[in-house]
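Asks: My structure is stored as work-v8.cif, with mmCIF, C-alpha atoms and all ligand atoms; chains and numbers go by the auth columns.
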data_query
loop_
_atom_site.group_PDB
_atom_site.id
_atom_site.type_symbol
_atom_site.label_atom_id
_atom_site.label_comp_id
_atom_site.label_asym_id
_atom_site.label_seq_id
_atom_site.Cartn_x
_atom_site.Cartn_y
_atom_site.Cartn_z
_atom_site.B_iso_or_equiv
_atom_site.auth_seq_id
_atom_site.auth_asym_id
ATOM 1 C CA MET A 1 -9.286 -17.333 -17.738 0.00 28 A
ATOM 2 C CA LEU A 2 -5.826 -16.968 -16.274 0.00 29 A
ATOM 3 C CA LYS A 3 -4.599 -14.398 -18.781 0.00 30 A
ATOM 4 C CA TRP A 4 -2.620 -11.529 -17.385 0.00 31 A
ATOM 5 C CA ASN A 5 -0.770 -8.596 -18.664 0.00 32 A
ATOM 6 C CA LEU A 6 2.834 -9.713 -19.135 0.00 33 A
ATOM 7 C CA PRO A 7 4.286 -6.396 -20.338 0.00 34 A
ATOM 8 C CA THR A 8 2.796 -4.528 -17.382 0.00 35 A
ATOM 9 C CA LEU A 9 4.067 -7.069 -14.922 0.00 36 A
ATOM 10 C CA LEU A 10 7.509 -7.098 -16.489 0.00 37 A
ATOM 11 C CA SER A 11 7.734 -3.345 -16.380 0.00 38 A
ATOM 12 C CA ARG A 12 6.840 -3.462 -12.683 0.00 39 A
ATOM 13 C CA LEU A 13 9.435 -6.148 -12.073 0.00 40 A
ATOM 14 C CA TYR A 14 11.907 -4.002 -13.913 0.00 41 A
ATOM 15 C CA LEU A 15 11.127 -1.022 -11.687 0.00 42 A
ATOM 16 C CA HIS A 16 11.446 -3.239 -8.688 0.00 43 A
ATOM 17 C CA ILE A 17 14.852 -4.480 -9.770 0.00 44 A
ATOM 18 C CA ILE A 18 15.946 -0.895 -10.299 0.00 45 A
ATOM 19 C CA PHE A 19 14.846 -0.172 -6.753 0.00 46 A
ATOM 20 C CA LEU A 20 16.761 -3.157 -5.393 0.00 47 A
ATOM 21 C CA LEU A 21 19.886 -2.255 -7.308 0.00 48 A
ATOM 22 C CA GLY A 22 19.478 1.321 -6.173 0.00 49 A
ATOM 23 C CA SER A 23 19.306 0.138 -2.583 0.00 50 A
ATOM 24 C CA MET A 24 22.740 -1.378 -2.856 0.00 51 A
ATOM 25 C CA CYS A 25 24.468 1.921 -3.355 0.00 52 A
ATOM 26 C CA LEU A 26 23.278 4.391 -0.804 0.00 53 A
ATOM 27 C CA THR A 27 26.424 6.369 -1.412 0.00 54 A
ATOM 28 C CA CYS A 28 25.370 7.110 -4.975 0.00 55 A
ATOM 29 C CA SER A 29 24.204 10.678 -5.072 0.00 56 A
ATOM 30 C CA ASP A 30 21.420 10.330 -7.643 0.00 57 A
ATOM 31 C CA ARG A 31 18.692 9.404 -5.165 0.00 58 A
ATOM 32 C CA THR A 32 15.701 11.534 -4.416 0.00 59 A
ATOM 33 C CA PRO A 33 15.172 12.501 -0.762 0.00 60 A
ATOM 34 C CA GLU A 34 11.944 10.434 -0.842 0.00 61 A
ATOM 35 C CA GLN A 35 13.809 7.321 -1.926 0.00 62 A
ATOM 36 C CA LEU A 36 16.435 7.799 0.737 0.00 63 A
ATOM 37 C CA ALA A 37 13.774 8.350 3.383 0.00 64 A
ATOM 38 C CA ALA A 38 11.952 5.172 2.335 0.00 65 A
ATOM 39 C CA ILE A 39 15.115 3.118 2.504 0.00 66 A
ATOM 40 C CA MET A 40 16.199 4.544 5.841 0.00 67 A
ATOM 41 C CA LYS A 41 12.754 3.931 7.276 0.00 68 A
ATOM 42 C CA CYS A 42 12.848 0.255 6.300 0.00 69 A
ATOM 43 C CA SER A 43 16.396 -0.411 7.386 0.00 70 A
ATOM 44 C CA LYS A 44 15.795 1.166 10.790 0.00 71 A
ATOM 45 C CA HIS A 45 13.111 -1.373 11.382 0.00 72 A
ATOM 46 C CA GLU A 46 15.267 -4.265 10.241 0.00 73 A
ATOM 47 C CA ARG A 47 17.678 -3.660 13.111 0.00 74 A
ATOM 48 C CA HIS A 48 14.759 -3.907 15.478 0.00 75 A
ATOM 49 C CA THR A 49 13.422 -7.159 14.024 0.00 76 A
ATOM 50 C CA ARG A 50 16.782 -8.861 14.150 0.00 77 A
ATOM 51 C CA ASN A 51 16.565 -9.011 17.939 0.00 78 A
ATOM 52 C CA TYR A 52 12.938 -10.000 17.886 0.00 79 A
ATOM 53 C CA ASP A 53 12.590 -13.751 17.619 0.00 80 A
ATOM 54 C CA TYR A 54 9.098 -14.865 18.460 0.00 81 A
ATOM 55 C CA MET A 55 9.174 -18.414 17.109 0.00 82 A
ATOM 56 C CA GLU A 56 12.107 -20.768 17.232 0.00 83 A
ATOM 57 C CA GLY A 57 13.396 -22.414 14.094 0.00 84 A
ATOM 58 C CA GLY A 58 11.715 -22.453 10.709 0.00 85 A
ATOM 59 C CA ASP A 59 12.897 -21.107 7.426 0.00 86 A
ATOM 60 C CA VAL A 60 12.513 -17.316 7.239 0.00 87 A
ATOM 61 C CA ARG A 61 12.253 -15.343 4.047 0.00 88 A
ATOM 62 C CA ILE A 62 11.877 -11.600 3.578 0.00 89 A
ATOM 63 C CA ARG A 63 9.587 -10.987 0.629 0.00 90 A
ATOM 64 C CA GLN A 64 6.980 -8.756 -0.898 0.00 91 A
ATOM 65 C CA LEU A 65 3.822 -10.432 -2.158 0.00 92 A
ATOM 66 C CA PHE A 66 2.857 -8.916 -5.492 0.00 93 A
ATOM 67 C CA SER A 67 -0.665 -9.815 -6.542 0.00 94 A
ATOM 68 C CA ARG A 68 -1.676 -10.781 -10.043 0.00 95 A
ATOM 69 C CA THR A 69 -4.091 -7.851 -9.759 0.00 96 A
ATOM 70 C CA GLN A 70 -0.893 -5.715 -9.568 0.00 97 A
ATOM 71 C CA TRP A 71 -0.717 -4.720 -5.893 0.00 98 A
ATOM 72 C CA PHE A 72 1.865 -5.258 -3.169 0.00 99 A
ATOM 73 C CA LEU A 73 0.205 -6.698 -0.065 0.00 100 A
ATOM 74 C CA THR A 74 0.583 -4.450 3.013 0.00 101 A
ATOM 75 C CA ILE A 75 -0.151 -4.776 6.742 0.00 102 A
ATOM 76 C CA ASP A 76 -0.221 -1.360 8.411 0.00 103 A
ATOM 77 C CA ASP A 77 0.218 -0.217 12.021 0.00 104 A
ATOM 78 C CA HIS A 78 -3.499 -0.684 12.702 0.00 105 A
ATOM 79 C CA GLY A 79 -3.465 -4.255 11.420 0.00 106 A
ATOM 80 C CA ASN A 80 -5.269 -3.356 8.197 0.00 107 A
ATOM 81 C CA ILE A 81 -4.517 -5.531 5.200 0.00 108 A
ATOM 82 C CA ASN A 82 -4.428 -3.594 1.942 0.00 109 A
ATOM 83 C CA GLY A 83 -2.602 -3.203 -1.326 0.00 110 A
ATOM 84 C CA THR A 84 -0.120 -0.558 -2.474 0.00 111 A
ATOM 85 C CA GLN A 85 1.409 0.183 -5.850 0.00 112 A
ATOM 86 C CA ASP A 86 4.465 1.788 -4.268 0.00 113 A
ATOM 87 C CA PRO A 87 7.269 -0.814 -4.254 0.00 114 A
ATOM 88 C CA THR A 88 9.148 1.165 -1.578 0.00 115 A
ATOM 89 C CA ASN A 89 6.252 1.054 0.897 0.00 116 A
ATOM 90 C CA CYS A 90 7.756 -0.417 4.085 0.00 117 A
ATOM 91 C CA TYR A 91 4.469 -2.011 5.091 0.00 118 A
ATOM 92 C CA SER A 92 4.770 -4.274 2.041 0.00 119 A
ATOM 93 C CA ILE A 93 7.909 -5.950 3.366 0.00 120 A
ATOM 94 C CA LEU A 94 6.925 -9.277 4.833 0.00 121 A
ATOM 95 C CA GLU A 95 8.608 -11.915 6.889 0.00 122 A
ATOM 96 C CA ILE A 96 7.429 -15.342 5.751 0.00 123 A
ATOM 97 C CA ARG A 97 8.248 -18.118 8.184 0.00 124 A
ATOM 98 C CA THR A 98 7.698 -21.843 7.723 0.00 125 A
ATOM 99 C CA VAL A 99 5.599 -23.129 10.594 0.00 126 A
ATOM 100 C CA SER A 100 5.252 -26.783 9.673 0.00 127 A
ATOM 101 C CA GLU A 101 5.726 -29.222 6.841 0.00 128 A
ATOM 102 C CA GLY A 102 3.381 -29.206 3.891 0.00 129 A
ATOM 103 C CA GLY A 103 3.972 -25.546 3.122 0.00 130 A
ATOM 104 C CA VAL A 104 2.275 -24.086 6.217 0.00 131 A
ATOM 105 C CA LEU A 105 3.613 -20.641 6.996 0.00 132 A
ATOM 106 C CA ALA A 106 3.040 -17.433 8.940 0.00 133 A
ATOM 107 C CA ILE A 107 3.279 -14.008 7.279 0.00 134 A
ATOM 108 C CA LYS A 108 4.215 -10.937 9.310 0.00 135 A
ATOM 109 C CA GLY A 109 4.656 -7.302 8.351 0.00 136 A
ATOM 110 C CA VAL A 110 8.248 -6.328 9.123 0.00 137 A
ATOM 111 C CA LYS A 111 7.372 -2.734 9.982 0.00 138 A
ATOM 112 C CA SER A 112 4.010 -3.180 11.695 0.00 139 A
ATOM 113 C CA GLN A 113 4.905 -6.505 13.345 0.00 140 A
ATOM 114 C CA TYR A 114 1.365 -7.721 12.690 0.00 141 A
ATOM 115 C CA TYR A 115 0.655 -11.250 11.435 0.00 142 A
ATOM 116 C CA ILE A 116 -1.878 -11.810 8.695 0.00 143 A
ATOM 117 C CA SER A 117 -4.737 -13.819 10.098 0.00 144 A
ATOM 118 C CA MET A 118 -8.012 -15.098 8.695 0.00 145 A
ATOM 119 C CA ASN A 119 -10.927 -15.822 10.981 0.00 146 A
ATOM 120 C CA LYS A 120 -13.735 -18.322 10.559 0.00 147 A
ATOM 121 C CA SER A 121 -15.782 -15.843 8.538 0.00 148 A
ATOM 122 C CA GLY A 122 -12.880 -15.412 6.115 0.00 149 A
ATOM 123 C CA VAL A 123 -12.038 -11.850 7.223 0.00 150 A
ATOM 124 C CA LEU A 124 -8.355 -10.913 6.841 0.00 151 A
ATOM 125 C CA GLN A 125 -6.844 -8.929 9.704 0.00 152 A
ATOM 126 C CA GLY A 126 -3.471 -8.183 11.205 0.00 153 A
ATOM 127 C CA LYS A 127 -2.874 -9.711 14.655 0.00 154 A
ATOM 128 C CA LYS A 128 -0.144 -8.762 17.131 0.00 155 A
ATOM 129 C CA THR A 129 -0.129 -12.243 18.623 0.00 156 A
ATOM 130 C CA TYR A 130 0.483 -15.348 16.577 0.00 157 A
ATOM 131 C CA ASN A 131 -2.140 -18.110 16.706 0.00 158 A
ATOM 132 C CA GLU A 132 -3.520 -20.827 14.432 0.00 159 A
ATOM 133 C CA ASN A 133 -5.551 -18.307 12.438 0.00 160 A
ATOM 134 C CA CYS A 134 -2.215 -16.962 11.188 0.00 161 A
ATOM 135 C CA ASN A 135 -1.306 -20.206 9.456 0.00 162 A
ATOM 136 C CA PHE A 136 -1.574 -20.290 5.682 0.00 163 A
ATOM 137 C CA LYS A 137 -0.861 -23.037 3.227 0.00 164 A
ATOM 138 C CA GLU A 138 1.309 -22.052 0.302 0.00 165 A
ATOM 139 C CA GLU A 139 0.410 -23.650 -3.024 0.00 166 A
ATOM 140 C CA PHE A 140 2.471 -23.294 -6.156 0.00 167 A
ATOM 141 C CA LEU A 141 0.579 -22.271 -9.269 0.00 168 A
ATOM 142 C CA GLU A 142 1.774 -21.741 -12.827 0.00 169 A
ATOM 143 C CA ASN A 143 4.091 -18.854 -13.838 0.00 170 A
ATOM 144 C CA PHE A 144 5.727 -18.600 -10.383 0.00 171 A
ATOM 145 C CA PHE A 145 2.531 -17.423 -8.719 0.00 172 A
ATOM 146 C CA ASN A 146 1.477 -18.860 -5.366 0.00 173 A
ATOM 147 C CA ALA A 147 -1.831 -19.023 -3.512 0.00 174 A
ATOM 148 C CA TYR A 148 -2.173 -18.785 0.275 0.00 175 A
ATOM 149 C CA SER A 149 -5.172 -20.490 1.851 0.00 176 A
ATOM 150 C CA SER A 150 -6.134 -20.512 5.518 0.00 177 A
ATOM 151 C CA ALA A 151 -4.713 -23.654 7.119 0.00 178 A
ATOM 152 C CA LYS A 152 -7.449 -23.574 9.735 0.00 179 A
ATOM 153 C CA TRP A 153 -10.675 -22.414 8.131 0.00 180 A
ATOM 154 C CA THR A 154 -12.560 -23.394 4.995 0.00 181 A
ATOM 155 C CA LYS A 155 -15.866 -22.357 3.464 0.00 182 A
ATOM 156 C CA GLN A 156 -18.903 -24.275 4.721 0.00 183 A
ATOM 157 C CA ASN A 157 -18.673 -26.668 1.781 0.00 184 A
ATOM 158 C CA GLY A 158 -15.054 -27.456 2.640 0.00 185 A
ATOM 159 C CA THR A 159 -13.337 -25.465 -0.138 0.00 186 A
ATOM 160 C CA GLU A 160 -10.329 -23.303 0.689 0.00 187 A
ATOM 161 C CA MET A 161 -10.381 -19.588 1.547 0.00 188 A
ATOM 162 C CA PHE A 162 -7.484 -17.576 0.144 0.00 189 A
ATOM 163 C CA ILE A 163 -5.618 -14.356 0.827 0.00 190 A
ATOM 164 C CA ALA A 164 -6.776 -12.180 -2.069 0.00 191 A
ATOM 165 C CA LEU A 165 -6.529 -8.580 -3.261 0.00 192 A
ATOM 166 C CA ASN A 166 -9.093 -7.413 -5.784 0.00 193 A
ATOM 167 C CA GLN A 167 -8.520 -5.098 -8.750 0.00 194 A
ATOM 168 C CA ASN A 168 -8.670 -2.079 -6.401 0.00 195 A
ATOM 169 C CA GLY A 169 -6.105 -3.528 -4.014 0.00 196 A
ATOM 170 C CA ARG A 170 -8.658 -4.273 -1.344 0.00 197 A
ATOM 171 C CA PRO A 171 -8.712 -7.591 0.511 0.00 198 A
ATOM 172 C CA LEU A 172 -11.516 -10.009 -0.363 0.00 199 A
ATOM 173 C CA ARG A 173 -13.519 -12.005 2.126 0.00 200 A
ATOM 174 C CA GLY A 174 -12.301 -15.588 2.152 0.00 201 A
ATOM 175 C CA ARG A 175 -15.725 -16.900 1.168 0.00 202 A
ATOM 176 C CA LYS A 176 -15.565 -14.906 -2.057 0.00 203 A
ATOM 177 C CA THR A 177 -12.168 -16.234 -3.067 0.00 204 A
ATOM 178 C CA LYS A 178 -11.291 -19.040 -5.441 0.00 205 A
ATOM 179 C CA LYS A 179 -7.989 -20.600 -6.280 0.00 206 A
ATOM 180 C CA GLU A 180 -8.636 -20.001 -9.982 0.00 207 A
ATOM 181 C CA ASN A 181 -9.293 -16.271 -9.582 0.00 208 A
ATOM 182 C CA ILE A 182 -6.315 -13.956 -10.197 0.00 209 A
ATOM 183 C CA SER A 183 -7.147 -12.061 -6.963 0.00 210 A
ATOM 184 C CA SER A 184 -5.713 -15.051 -5.064 0.00 211 A
ATOM 185 C CA HIS A 185 -2.447 -15.225 -7.026 0.00 212 A
ATOM 186 C CA PHE A 186 0.745 -13.729 -5.609 0.00 213 A
ATOM 187 C CA LEU A 187 4.313 -13.519 -6.786 0.00 214 A
ATOM 188 C CA PRO A 188 6.729 -13.642 -3.817 0.00 215 A
ATOM 189 C CA MET A 189 9.388 -11.067 -4.618 0.00 216 A
ATOM 190 C CA TYR A 190 12.841 -11.009 -3.166 0.00 217 A
ATOM 191 C CA PHE A 191 13.511 -7.991 -1.003 0.00 218 A
ATOM 192 C CA SER A 192 16.892 -7.832 0.619 0.00 219 A
ATOM 193 C CA LEU A 193 16.784 -5.758 3.779 0.00 220 A
ATOM 194 C CA ASN A 194 20.277 -6.937 4.593 0.00 221 A
ATOM 195 C CA VAL A 195 21.531 -5.279 1.458 0.00 222 A
ATOM 196 C CA ILE A 196 19.877 -2.052 2.541 0.00 223 A
ATOM 197 C CA ALA A 197 21.038 -2.281 6.140 0.00 224 A
ATOM 198 C CA ASP A 198 24.626 -3.071 5.172 0.00 225 A
ATOM 199 C CA ALA A 199 24.856 -0.336 2.536 0.00 226 A
HETATM 200 C C1 LIG B . -6.189 0.884 1.107 0.00 1 B
HETATM 201 O O1 LIG B . -5.580 1.277 -0.114 0.00 1 B
HETATM 202 C C2 LIG B . -6.399 2.102 -0.907 0.00 1 B
HETATM 203 C C3 LIG B . -5.715 2.281 -2.264 0.00 1 B
HETATM 204 O O2 LIG B . -4.357 2.613 -2.142 0.00 1 B
HETATM 205 C C4 LIG B . -6.638 3.418 -0.159 0.00 1 B
HETATM 206 O O3 LIG B . -7.460 4.255 -0.931 0.00 1 B
HETATM 207 C C5 LIG B . -7.307 3.099 1.170 0.00 1 B
HETATM 208 O O4 LIG B . -7.446 4.272 1.929 0.00 1 B
HETATM 209 C C6 LIG B . -6.499 2.089 1.963 0.00 1 B
HETATM 210 N N1 LIG B . -7.254 1.686 3.141 0.00 1 B
HETATM 211 C C7 LIG B . -6.711 1.581 4.341 0.00 1 B
HETATM 212 C C8 LIG B . -7.618 1.101 5.433 0.00 1 B
HETATM 213 O O5 LIG B . -5.538 1.820 4.558 0.00 1 B
HETATM 214 C C1 LIG B . -14.146 -12.130 11.897 0.00 2 B
HETATM 215 O O1 LIG B . -13.669 -10.776 11.992 0.00 2 B
HETATM 216 C C2 LIG B . -14.642 -9.800 11.665 0.00 2 B
HETATM 217 C C3 LIG B . -13.973 -8.440 11.711 0.00 2 B
HETATM 218 O O2 LIG B . -13.335 -8.215 12.932 0.00 2 B
HETATM 219 C C4 LIG B . -15.809 -9.891 12.652 0.00 2 B
HETATM 220 O O3 LIG B . -16.803 -8.948 12.313 0.00 2 B
HETATM 221 C C5 LIG B . -16.386 -11.310 12.607 0.00 2 B
HETATM 222 O O4 LIG B . -17.392 -11.437 13.609 0.00 2 B
HETATM 223 C C6 LIG B . -15.292 -12.331 12.860 0.00 2 B
HETATM 224 N N1 LIG B . -15.842 -13.665 12.699 0.00 2 B
HETATM 225 C C7 LIG B . -15.649 -14.638 13.610 0.00 2 B
HETATM 226 C C8 LIG B . -16.307 -15.946 13.336 0.00 2 B
HETATM 227 O O5 LIG B . -14.972 -14.469 14.600 0.00 2 B
HETATM 228 C C1 LIG B . -18.393 -23.774 -2.265 0.00 3 B
HETATM 229 O O1 LIG B . -19.025 -22.559 -1.935 0.00 3 B
HETATM 230 C C2 LIG B . -18.581 -21.422 -2.672 0.00 3 B
HETATM 231 C C3 LIG B . -19.319 -20.198 -2.154 0.00 3 B
HETATM 232 O O2 LIG B . -19.238 -20.143 -0.764 0.00 3 B
HETATM 233 C C4 LIG B . -18.826 -21.641 -4.159 0.00 3 B
HETATM 234 O O3 LIG B . -18.320 -20.546 -4.883 0.00 3 B
HETATM 235 C C5 LIG B . -18.129 -22.926 -4.613 0.00 3 B
HETATM 236 O O4 LIG B . -18.433 -23.183 -5.963 0.00 3 B
HETATM 237 C C6 LIG B . -18.578 -24.094 -3.746 0.00 3 B
HETATM 238 N N1 LIG B . -17.800 -25.270 -4.138 0.00 3 B
HETATM 239 C C7 LIG B . -18.308 -26.472 -4.237 0.00 3 B
HETATM 240 C C8 LIG B . -17.359 -27.564 -4.605 0.00 3 B
HETATM 241 O O5 LIG B . -19.490 -26.707 -4.037 0.00 3 B
HETATM 242 C C1 LIG B . -12.514 -12.881 -9.668 0.00 4 B
HETATM 243 O O1 LIG B . -13.151 -12.408 -8.494 0.00 4 B
HETATM 244 C C2 LIG B . -13.661 -11.093 -8.616 0.00 4 B
HETATM 245 C C3 LIG B . -14.145 -10.659 -7.248 0.00 4 B
HETATM 246 O O2 LIG B . -14.886 -11.655 -6.606 0.00 4 B
HETATM 247 C C4 LIG B . -14.751 -11.072 -9.659 0.00 4 B
HETATM 248 O O3 LIG B . -15.249 -9.760 -9.813 0.00 4 B
HETATM 249 C C5 LIG B . -14.162 -11.546 -10.977 0.00 4 B
HETATM 250 O O4 LIG B . -15.172 -11.638 -11.945 0.00 4 B
HETATM 251 C C6 LIG B . -13.497 -12.901 -10.814 0.00 4 B
HETATM 252 N N1 LIG B . -12.789 -13.224 -12.053 0.00 4 B
HETATM 253 C C7 LIG B . -12.787 -14.424 -12.582 0.00 4 B
HETATM 254 C C8 LIG B . -11.997 -14.574 -13.842 0.00 4 B
HETATM 255 O O5 LIG B . -13.400 -15.374 -12.070 0.00 4 B
#
Before we go any further, please render this structure as structure tokens.
Replies:
Amino acid sequence: MLKWNLPTLLSRLYLHIIFLLGSMCLTCSDRTPEQLAAIMKCSKHERHTRNYDYMEGGDVRIRQLFSRTQWFLTIDDHGNINGTQDPTNCYSILEIRTVSEGGVLAIKGVKSQYYISMNKSGVLQGKKTYNENCNFKEEFLENFFNAYSSAKWTKQNGTEMFIALNQNGRPLRGRKTKKENISSHFLPMYFSLNVIADA
């Protein structure tokens, strides 16, 4: 049931690593204008977010969430949650902050500054203002994948509702999600904005 395509994933990881390594040497001349533009766009925003502290304390990680259905989770400037296959898409860079013990965290788009929230009906949306709907519980699965369930809302029968991207990169309604389904599985990927900003 939980089979996935290892070679495809590895090749994507490989591309991602190339991108990260590439980011470290902006002075290298073998970059395409598109790559440079993408990097500059992201790093510009990083300077902004450094002065923008909305919650005190808590462990903060900058990550991309890569779904087992092969999409990077994005939150755009309209608060839409979606998936992209472009690893340089700035809207896929997420700030993941620990809110409380037991793996409860808040996930915010670095560029859009929207938090991922899930309402009672299980609809995923970006929200400018943080509230309890933005709390998700991180659970560790096998093979380094994690699942993120709403810390506030469950289905009517009490089972968890997860952040999930289907095979087309579209978000699923919480009620349709299951922990066992690959749509709910994400690999948190390291994304060093500091490296980019300092380059
Ligand atoms: C979501 O992503 C898909 C696939 O990349 C794209 O076709 C669609 O227009 C996007 N939707 C929104 C609301 O951005
Ligand atoms: C959840 O959000 C969707 C989309 O905005 C909305 O249609 C629905 O009524 C909301 N559900 C609740 C319980 O607020
Ligand atoms: C809870 O409801 C969902 C559908 O909303 C269903 O898929 C799931 O099997 C149910 N779980 C239990 C334990 O009844
Ligand atoms: C996972 O969920 C999707 C969308 O709800 C469904 O089409 C698919 O059959 C599910 N896959 C498994 C293995 O349960």
Asks: Write out as a ChimeraX atom specification the residues lying within 12 Å of Cys161 (chain A), counting all atoms listed in the file and excluding same-chain residues fewer than 4 positions away.
Replies: /A:123-126,131-135,141-147,149-157,175-180,190
Asks: Which residues, written as a ChimeraX atom specification, have at least one atom at most 6 Å from region 92-105 of chain A, with only C-alpha atoms counted and residues fewer than 6 positions away on the same chain left out?
Replies: /A:111-112,118-119,136,139,194,196,209-210,212-215
Asks: The selected residues should be written to file as a PDB file, keeping the file's coordinate frame (atoms: C-alpha atoms).
Replies:
ATOM      1  CA  THR A 111      -0.120  -0.558  -2.474  1.00  0.00           C
ATOM      2  CA  GLN A 112       1.409   0.183  -5.850  1.00  0.00           C
ATOM      3  CA  TYR A 118       4.469  -2.011   5.091  1.00  0.00           C
ATOM      4  CA  SER A 119       4.770  -4.274   2.041  1.00  0.00           C
ATOM      5  CA  GLY A 136       4.656  -7.302   8.351  1.00  0.00           C
ATOM      6  CA  SER A 139       4.010  -3.180  11.695  1.00  0.00           C
ATOM      7  CA  GLN A 194      -8.520  -5.098  -8.750  1.00  0.00           C
ATOM      8  CA  GLY A 196      -6.105  -3.528  -4.014  1.00  0.00           C
ATOM      9  CA  ILE A 209      -6.315 -13.956 -10.197  1.00  0.00           C
ATOM     10  CA  SER A 210      -7.147 -12.061  -6.963  1.00  0.00           C
ATOM     11  CA  HIS A 212      -2.447 -15.225  -7.026  1.00  0.00           C
ATOM     12  CA  PHE A 213       0.745 -13.729  -5.609  1.00  0.00           C
ATOM     13  CA  LEU A 214       4.313 -13.519  -6.786  1.00  0.00           C
ATOM     14  CA  PRO A 215       6.729 -13.642  -3.817  1.00  0.00           C
TER      15      PRO A 215
END
Asks: For ligand LIG 2 (chain B), which residue among A:Lys164, A:Arg88, A:Arg202, A:Lys138 is the nearest when counting all atoms listed in the file?
Replies: A:Arg202
Asks: Using all atoms listed in the file, determine which residues fall within 7 Å of ligand LIG 1 (chain B), then list them as a PDB file with C-alpha atoms, in the coordinates of the input.
Replies:
ATOM      1  CA  ASN A 107      -5.269  -3.356   8.197  1.00  0.00           C
ATOM      2  CA  ASN A 109      -4.428  -3.594   1.942  1.00  0.00           C
ATOM      3  CA  GLY A 110      -2.602  -3.203  -1.326  1.00  0.00           C
ATOM      4  CA  THR A 111      -0.120  -0.558  -2.474  1.00  0.00           C
ATOM      5  CA  ASN A 195      -8.670  -2.079  -6.401  1.00  0.00           C
ATOM      6  CA  GLY A 196      -6.105  -3.528  -4.014  1.00  0.00           C
ATOM      7  CA  ARG A 197      -8.658  -4.273  -1.344  1.00  0.00           C
TER       8      ARG A 197
END
Asks: Show me which residues are within 10 Å of ligand LIG 4 (chain B) counting all atoms listed in the file, and format the list as a PDB file with C-alpha atoms, keeping the file's coordinate frame.
Replies:
ATOM      1  CA  MET A  28      -9.286 -17.333 -17.738  1.00  0.00           C
ATOM      2  CA  LEU A  29      -5.826 -16.968 -16.274  1.00  0.00           C
ATOM      3  CA  LYS A  30      -4.599 -14.398 -18.781  1.00  0.00           C
ATOM      4  CA  THR A  96      -4.091  -7.851  -9.759  1.00  0.00           C
ATOM      5  CA  ALA A 191      -6.776 -12.180  -2.069  1.00  0.00           C
ATOM      6  CA  LEU A 192      -6.529  -8.580  -3.261  1.00  0.00           C
ATOM      7  CA  ASN A 193      -9.093  -7.413  -5.784  1.00  0.00           C
ATOM      8  CA  GLN A 194      -8.520  -5.098  -8.750  1.00  0.00           C
ATOM      9  CA  PRO A 198      -8.712  -7.591   0.511  1.00  0.00           C
ATOM     10  CA  LEU A 199     -11.516 -10.009  -0.363  1.00  0.00           C
ATOM     11  CA  ARG A 200     -13.519 -12.005   2.126  1.00  0.00           C
ATOM     12  CA  GLY A 201     -12.301 -15.588   2.152  1.00  0.00           C
ATOM     13  CA  ARG A 202     -15.725 -16.900   1.168  1.00  0.00           C
ATOM     14  CA  LYS A 203     -15.565 -14.906  -2.057  1.00  0.00           C
ATOM     15  CA  THR A 204     -12.168 -16.234  -3.067  1.00  0.00           C
ATOM     16  CA  LYS A 205     -11.291 -19.040  -5.441  1.00  0.00           C
ATOM     17  CA  LYS A 206      -7.989 -20.600  -6.280  1.00  0.00           C
ATOM     18  CA  GLU A 207      -8.636 -20.001  -9.982  1.00  0.00           C
ATOM     19  CA  ASN A 208      -9.293 -16.271  -9.582  1.00  0.00           C
ATOM     20  CA  ILE A 209      -6.315 -13.956 -10.197  1.00  0.00           C
ATOM     21  CA  SER A 210      -7.147 -12.061  -6.963  1.00  0.00           C
ATOM     22  CA  SER A 211      -5.713 -15.051  -5.064  1.00  0.00           C
TER      23      SER A 211
END
Asks: Work out how far apart CA of Asp86 (chain A) and CA of Glu165 (chain A) are and give it in Å to one decimal.
Replies: 13.6 Å
Asks: Enumerate as a VMD selection string the residues within 6 Å of ligand LIG 3 (chain B), counting all atoms listed in the file.
Replies: chain A and resid 182 184 186 202
Asks: Could you take the residues named above and write them with C-alpha atoms, as a compact mmCIF listing (two decimals), in the coordinates of the input?
Replies:
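As a result, selection16.txt now contains:
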# COMPACT_ATOMS: atom_id res chain seq x y z
CA LYS A 182 -15.87 -22.36 3.46
CA ASN A 184 -18.67 -26.67 1.78
CA THR A 186 -13.34 -25.46 -0.14
CA ARG A 202 -15.72 -16.90 1.17
Asks: Here is a test: counting all atoms listed in the file, which residue of A:Asn160, A:Tyr217, A:Pro114, A:Leu168 is nearest to ligand LIG 2 (chain B)?
Replies: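 Under the stated criterion, the closest residue is A:Asn160.
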Asks: Just say which residues the PyMOL selection byres (((chain A and resi 120) around 7) and not hetatm) picks in this file, as a PDB file with C-alpha atoms, keeping the file's coordinate frame.
Replies:
ATOM      1  CA  ILE A  89      11.877 -11.600   3.578  1.00  0.00           C
ATOM      2  CA  ARG A  90       9.587 -10.987   0.629  1.00  0.00           C
ATOM      3  CA  GLN A  91       6.980  -8.756  -0.898  1.00  0.00           C
ATOM      4  CA  CYS A 117       7.756  -0.417   4.085  1.00  0.00           C
ATOM      5  CA  TYR A 118       4.469  -2.011   5.091  1.00  0.00           C
ATOM      6  CA  SER A 119       4.770  -4.274   2.041  1.00  0.00           C
ATOM      7  CA  LEU A 121       6.925  -9.277   4.833  1.00  0.00           C
ATOM      8  CA  GLU A 122       8.608 -11.915   6.889  1.00  0.00           C
ATOM      9  CA  GLY A 136       4.656  -7.302   8.351  1.00  0.00           C
ATOM     10  CA  VAL A 137       8.248  -6.328   9.123  1.00  0.00           C
TER      11      VAL A 137
END
Asks: Which of these, A:Thr115, A:Gln140, A:Thr181, A:Ser148, has the shortest distance to Phe163 (chain A) once you count only C-alpha atoms?
Replies: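 Checking each of A:Thr115, A:Gln140, A:Thr181, A:Ser148 against Phe163 (chain A), counting only C-alpha atoms, the winner is A:Thr181.
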Asks: A:Gly106, A:Asn162, A:Asp113, A:Gly130: which is nearest ligand LIG 2 (chain B), counting only C-alpha atoms and all ligand atoms?
Replies: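 The closest residue to ligand LIG 2 (chain B) is A:Gly106.
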